[in-house]
Amino acid sequence: MTAQETVDVLWAWSPYLAEGFGWNIIVSLVAMAVGTIVGLGLALLRGGAHWSVRHSGSAVTTLARNAPTFVMLFYLAYIIPTEFTLFGAAATFPAWIKASLALGIAVAGYVSDNALAAIRHLRRHEIAEALLFVPAWTSYFLIIVMASSTASVIGVPELVRRADTVIGAVDKVGLALWVYLWAMIWFLGFSLLLTFGMNWLSRHIKRRVHRPLDEATDLTGGPLP
Amino acid sequence: MSRRIPKWWLFLAVLLTAWAGLAAPALADRLQEIQDRGQVIVGVKEDYAPFGFRDADGALVGYDVDVARGFAEAIGVDLELVPVTSANRLQKVERGDIDIVAATMGDTRSRRELVTMIEPQYYGNGANVLLRDSARIGTWADLRGQTVCGLQGSLWNRLAKQRLLLDVTAFNSTREAAQALRNEHCVGWIYDEVLLLHEIETGDWEGFSVSLPTRFVLPWAVAIAKEEGGSQLDQLMGDTLAQWHRDGFLQSLEKKWGLPPSPFIRDARITWQEVDETGELKCQRNEQGQWPLECREVALVTGSGIGGLSGFSLTIMEVTGLDISILYDPLDRDVFLYGLGLTALLSVITVVGSIVLGVLFGWLMHRRVPGVSHFLRGFSEFMRMTPPLLQLYIVFFGLGGVLLALGFTVDAFLVAAVVLSLYAASSNAIAFSLAADVAAAGGRRLRLTPRDVQRGFALCYAAVMGNSANIVKATGMASTLALPELVHASTSIVAEKGNADVMMNLLLICYFVLVIITVQLFRRFERGKAVTR
């Protein structure tokens, strides 16, 4: 395969791959939404009045923090039926929602940890410090977008899955490497854009923080949760 | 001094002998009745070629009919054939209208409630997929989420959905399913493996093949009335079938009726021919007249009458419905334990590898070595800004494909270990370089001495611990390279046994334990070494 042919193939399939990347974003956003709501709830519990409330908040957070998302994908895919009847009506539970839930568990753990600090700041009316939660949240969003590619293993038609489909459909020796690299560039481009925006935002916030920060918020991403 | 045998022990032995004596020669009447009659009545299908169907003269022939004839010869009587259907075959044998049923009947636990299935089973059939070659499907996992065509009412559709996570579109007839496959409505057609192989042989399927391993193998059994279980008829027929597996009679029948060689019969032949060190056959009846457990289709055996862990776990299944197959099925147990071992090994290698590489890379970044530091920083950021799954694919399938063209094969375990180590090392490197910068603030830069490394390491200990826990969780991704680690082992057991509830919970528990062990080891090391943050 010549370089020109390879470029042509990648170009021709790019709209199809772009749609797949759309799925990555959707799965990630839903995971962030679900995880953030649950995580905030957990953080509120952990700051609660009674010790039993605080303990249950901590226990659930520990579980969510230690849940292996890749394994959770399979767990939910097998345990939750895809089709079921709800009040007599047939309902479906598509794979992408299962993927979002699996990733959302990790998000809940992370948000619970970071929101706790943010809530303390808010109570002290330290708005700017509390706002540092936003770049931390965004950096986690980046990790989740990377992790969303694992949704391919339970059949969600996201970018990596579609890259496989393209490789199968075109069926040329040596193409696999280029298609995967092309898919990687999509992720990389998205990450760079997001990181750029995030850094700008966090500089903006830090400029407004006059007091030295007493609690450093983790701005570096770790490996897949 | 000779050891005395306690009295109660002798008493027990007498009781057991008496019980065995009562059990063994039980119920000779049906066999006697057949011999008195001079004729054995066998129910077979008449509409299922090539197992039971009518030839041009209207006579019942087929694989099952030959099996029936073999039994008549073994008993030493004439054969009378009675056509049966899937709907009435169990009732007919229950009512005593027929002595034996040999009618393409799958051996299942629920049918065992109604009739006695003769062991060993005489045939086995499973599901497979007729695949378009250009779809490049190499494993069942590749089919997850893809649409396959199926036939309405087929047992396989539900199994494929629940156990393999496939999307099945069911059609009314084989013709429609075949046409849908040709029109690219689906990547494959899931159906009885025997019939698909039959389709291939017609020569109409250029560019298609049946290449995946058989799934959901359901053994077919010959059955007699429920109350005949353990009778002389049961024993005679079981012995005859065992002999047929050993001498290849069933394989010759396959050939005679144009059936493709079934893996079930091939494997059964190996099992029943196996001998121990003394040259004795391994599969021989014990004193109670039962075959040893390792020769039986263990998932179909009931818990009562079997001792040990196998019996216990089978009883659990009967009572609660929880199918803990790794406790009674030695094959599942081996697959699962091997997977657990591989996951543990991969975890240890990636954690150690990611720390060693992370410290090295982080130190090089900290030293601001011209060129090298920039490259490593860029590389670490790159690893963190791309999905690890894609990194695995690029190395294994992308580079691996290129290397394969040059004559080299890449090892899946090696790829997983290296890629996952590098992935976690990137996060560790950034954490270590930041920590080293802090440790060296105002003073000299850190050197690669144990003392200096410890100073830097102490400052990023929490981050490294978190990264290590996360990389242990991520080892499951190696399953996408068909590495038989824990996730792969669990999903393949679910595919065969359908015990998703049990296996998925076990899998999750194993991973929780692995993560907890990792974190605890870090904590212990922290205390032992007095590493302080």
# chains A, B, ... in the order shown; residues from 1 in each chain; ligands from 1
call {"tool": "select_by_dssp", "arguments": {"residues": "stretch 53-264 of chain B", "states": "alpha helix (DSSP H)", "output": "MDAnalysis selection string"}}
result
chainID B and resid 63:75 89:95 155:164 174:182 193:201 232:247 249:256 263:264
call {"tool": "closest_atom_pairs", "arguments": {"of": "chain B", "to": "chain A", "cutoff": "6 Å", "atoms": "only C-alpha atoms", "output": "JSON lines"}}
result
{"residue": "B:Ala135", "atom": "CA", "partner": "A:Gly168", "partner_atom": "CA", "distance": 5.3}
{"residue": "B:Arg136", "atom": "CA", "partner": "A:Gly168", "partner_atom": "CA", "distance": 5.5}
{"residue": "B:Arg144", "atom": "CA", "partner": "A:Gly155", "partner_atom": "CA", "distance": 5.3}
{"residue": "B:Gly145", "atom": "CA", "partner": "A:Gly155", "partner_atom": "CA", "distance": 3.8}
{"residue": "B:Met385", "atom": "CA", "partner": "A:Leu188", "partner_atom": "CA", "distance": 5.5}
{"residue": "B:Thr386", "atom": "CA", "partner": "A:Leu188", "partner_atom": "CA", "distance": 5.7}
{"residue": "B:Pro387", "atom": "CA", "partner": "A:Met146", "partner_atom": "CA", "distance": 4.4}
{"residue": "B:Ile394", "atom": "CA", "partner": "A:Leu177", "partner_atom": "CA", "distance": 5.9}
{"residue": "B:Gly398", "atom": "CA", "partner": "A:Leu177", "partner_atom": "CA", "distance": 3.8}
{"residue": "B:Ala424", "atom": "CA", "partner": "A:Pro223", "partner_atom": "CA", "distance": 5.9}
{"residue": "B:Ser427", "atom": "CA", "partner": "A:Gly222", "partner_atom": "CA", "distance": 5.7}
{"residue": "B:Asn467", "atom": "CA", "partner": "A:Gly222", "partner_atom": "CA", "distance": 6.0}
{"residue": "B:Asn470", "atom": "CA", "partner": "A:Pro225", "partner_atom": "CA", "distance": 5.2}
{"residue": "B:Lys473", "atom": "CA", "partner": "A:Pro68", "partner_atom": "CA", "distance": 4.9}
{"residue": "B:Met504", "atom": "CA", "partner": "A:Tyr75", "partner_atom": "CA", "distance": 5.5}
call {"tool": "write_last_selection", "arguments": {"atoms": "N, CA, C and O atoms", "output": "tab-separated table (two decimals), in the first residue's frame"}}
result
chain	number	residue	atom	x	y	z
B	135	ALA	N	-14.62	-10.11	7.14
B	135	ALA	CA	-14.93	-9.47	8.43
B	135	ALA	C	-13.78	-9.66	9.41
B	135	ALA	O	-13.74	-8.98	10.44
B	136	ARG	N	-12.87	-10.52	9.09
B	136	ARG	CA	-11.66	-10.76	9.90
B	136	ARG	C	-11.98	-10.97	11.38
B	136	ARG	O	-11.47	-10.28	12.25
B	144	ARG	N	-18.39	-9.55	19.79
B	144	ARG	CA	-19.21	-8.83	20.76
B	144	ARG	C	-19.77	-7.55	20.18
B	144	ARG	O	-19.04	-6.75	19.62
B	145	GLY	N	-21.08	-7.37	20.34
B	145	GLY	CA	-21.70	-6.15	19.86
B	145	GLY	C	-21.94	-6.14	18.36
B	145	GLY	O	-22.52	-5.20	17.84
B	385	MET	N	-1.93	10.87	27.37
B	385	MET	CA	-2.98	11.52	26.57
B	385	MET	C	-3.53	10.63	25.48
B	385	MET	O	-4.25	11.10	24.59
B	386	THR	N	-3.18	9.36	25.51
B	386	THR	CA	-3.75	8.41	24.54
B	386	THR	C	-4.27	7.20	25.32
B	386	THR	O	-3.74	6.88	26.37
B	387	PRO	N	-5.31	6.55	24.80
B	387	PRO	CA	-5.90	5.44	25.56
B	387	PRO	C	-4.94	4.24	25.61
B	387	PRO	O	-4.37	3.86	24.60
B	394	ILE	N	-1.80	-0.90	19.06
B	394	ILE	CA	-0.78	-0.43	18.11
B	394	ILE	C	0.44	-1.34	18.17
B	394	ILE	O	0.96	-1.76	17.14
B	398	GLY	N	-0.70	-3.62	15.33
B	398	GLY	CA	-0.06	-2.76	14.34
B	398	GLY	C	1.38	-3.16	14.08
B	398	GLY	O	1.71	-3.70	13.02
B	424	ALA	N	1.99	3.10	33.01
B	424	ALA	CA	2.00	3.53	34.41
B	424	ALA	C	3.30	4.24	34.75
B	424	ALA	O	3.32	5.16	35.58
B	427	SER	N	3.14	8.08	34.36
B	427	SER	CA	2.58	8.83	35.49
B	427	SER	C	3.55	8.87	36.65
B	427	SER	O	3.72	9.90	37.30
B	467	ASN	N	-1.09	5.02	41.44
B	467	ASN	CA	-0.83	4.56	40.07
B	467	ASN	C	-0.70	3.05	40.02
B	467	ASN	O	-1.16	2.40	39.08
B	470	ASN	N	-4.02	1.42	40.26
B	470	ASN	CA	-4.74	1.58	39.00
B	470	ASN	C	-4.22	0.67	37.90
B	470	ASN	O	-4.99	0.17	37.09
B	473	LYS	N	-5.58	-2.75	38.32
B	473	LYS	CA	-6.96	-2.82	37.81
B	473	LYS	C	-6.98	-2.92	36.30
B	473	LYS	O	-7.86	-3.53	35.72
B	504	MET	N	-18.91	-13.39	37.35
B	504	MET	CA	-18.63	-11.96	37.38
B	504	MET	C	-18.37	-11.48	38.81
B	504	MET	O	-17.51	-10.64	39.04
call {"tool": "atom_distance", "arguments": {"atom1": "atom CA of B:Ala141", "atom2": "atom CA of B:Leu486"}}
result
14.6 Å
call {"tool": "residues_around", "arguments": {"residues": "B:Gln273", "least_positions_apart": "3", "cutoff": "9 Å", "atoms": "only C-alpha atoms", "output": "number ranges by chain"}}
result
B: 245-247, 268-270, 281-283
call {"tool": "write_last_selection", "arguments": {"atoms": "N, CA and C atoms", "output": "PDB file, in the first residue's frame"}}
result
ATOM      1  N   HIS B 245     -17.165 -45.831  21.793  1.00  0.00           N
ATOM      2  CA  HIS B 245     -16.236 -44.694  21.799  1.00  0.00           C
ATOM      3  C   HIS B 245     -14.807 -45.193  21.651  1.00  0.00           C
ATOM      4  N   ARG B 246     -14.509 -46.318  22.298  1.00  0.00           N
ATOM      5  CA  ARG B 246     -13.131 -46.821  22.279  1.00  0.00           C
ATOM      6  C   ARG B 246     -12.752 -47.377  20.922  1.00  0.00           C
ATOM      7  N   ASP B 247     -13.671 -48.138  20.300  1.00  0.00           N
ATOM      8  CA  ASP B 247     -13.259 -48.807  19.061  1.00  0.00           C
ATOM      9  C   ASP B 247     -13.555 -47.984  17.802  1.00  0.00           C
ATOM     10  N   ALA B 268     -14.244 -37.534  23.087  1.00  0.00           N
ATOM     11  CA  ALA B 268     -14.758 -38.653  23.871  1.00  0.00           C
ATOM     12  C   ALA B 268     -13.912 -39.893  23.611  1.00  0.00           C
ATOM     13  N   ARG B 269     -13.485 -40.071  22.374  1.00  0.00           N
ATOM     14  CA  ARG B 269     -12.678 -41.245  22.051  1.00  0.00           C
ATOM     15  C   ARG B 269     -11.372 -41.221  22.835  1.00  0.00           C
ATOM     16  N   ILE B 270     -10.778 -40.027  22.879  1.00  0.00           N
ATOM     17  CA  ILE B 270      -9.518 -39.889  23.630  1.00  0.00           C
ATOM     18  C   ILE B 270      -9.757 -40.211  25.110  1.00  0.00           C
ATOM     19  N   LEU B 281      -7.650 -49.239  31.777  1.00  0.00           N
ATOM     20  CA  LEU B 281      -8.467 -48.140  31.273  1.00  0.00           C
ATOM     21  C   LEU B 281      -8.855 -47.232  32.442  1.00  0.00           C
ATOM     22  N   LYS B 282      -8.794 -45.925  32.214  1.00  0.00           N
ATOM     23  CA  LYS B 282      -9.125 -44.995  33.295  1.00  0.00           C
ATOM     24  C   LYS B 282     -10.629 -44.942  33.543  1.00  0.00           C
ATOM     25  N   CYS B 283     -11.396 -44.994  32.441  1.00  0.00           N
ATOM     26  CA  CYS B 283     -12.845 -44.883  32.583  1.00  0.00           C
ATOM     27  C   CYS B 283     -13.470 -46.263  32.779  1.00  0.00           C
TER      28      CYS B 283
END
call {"tool": "residues_around", "arguments": {"residues": "A:Glu83", "least_positions_apart": "6", "cutoff": "9 Å", "atoms": "only C-alpha atoms", "output": "list in words"}}
result
Ala90, Ala91, Thr92, Phe93 and Pro94 of chain A
call {"tool": "residues_around", "arguments": {"residues": "A:Ala31", "least_positions_apart": "6", "cutoff": "12 Å", "atoms": "only C-alpha atoms", "output": "count of residues only"}}
result
30
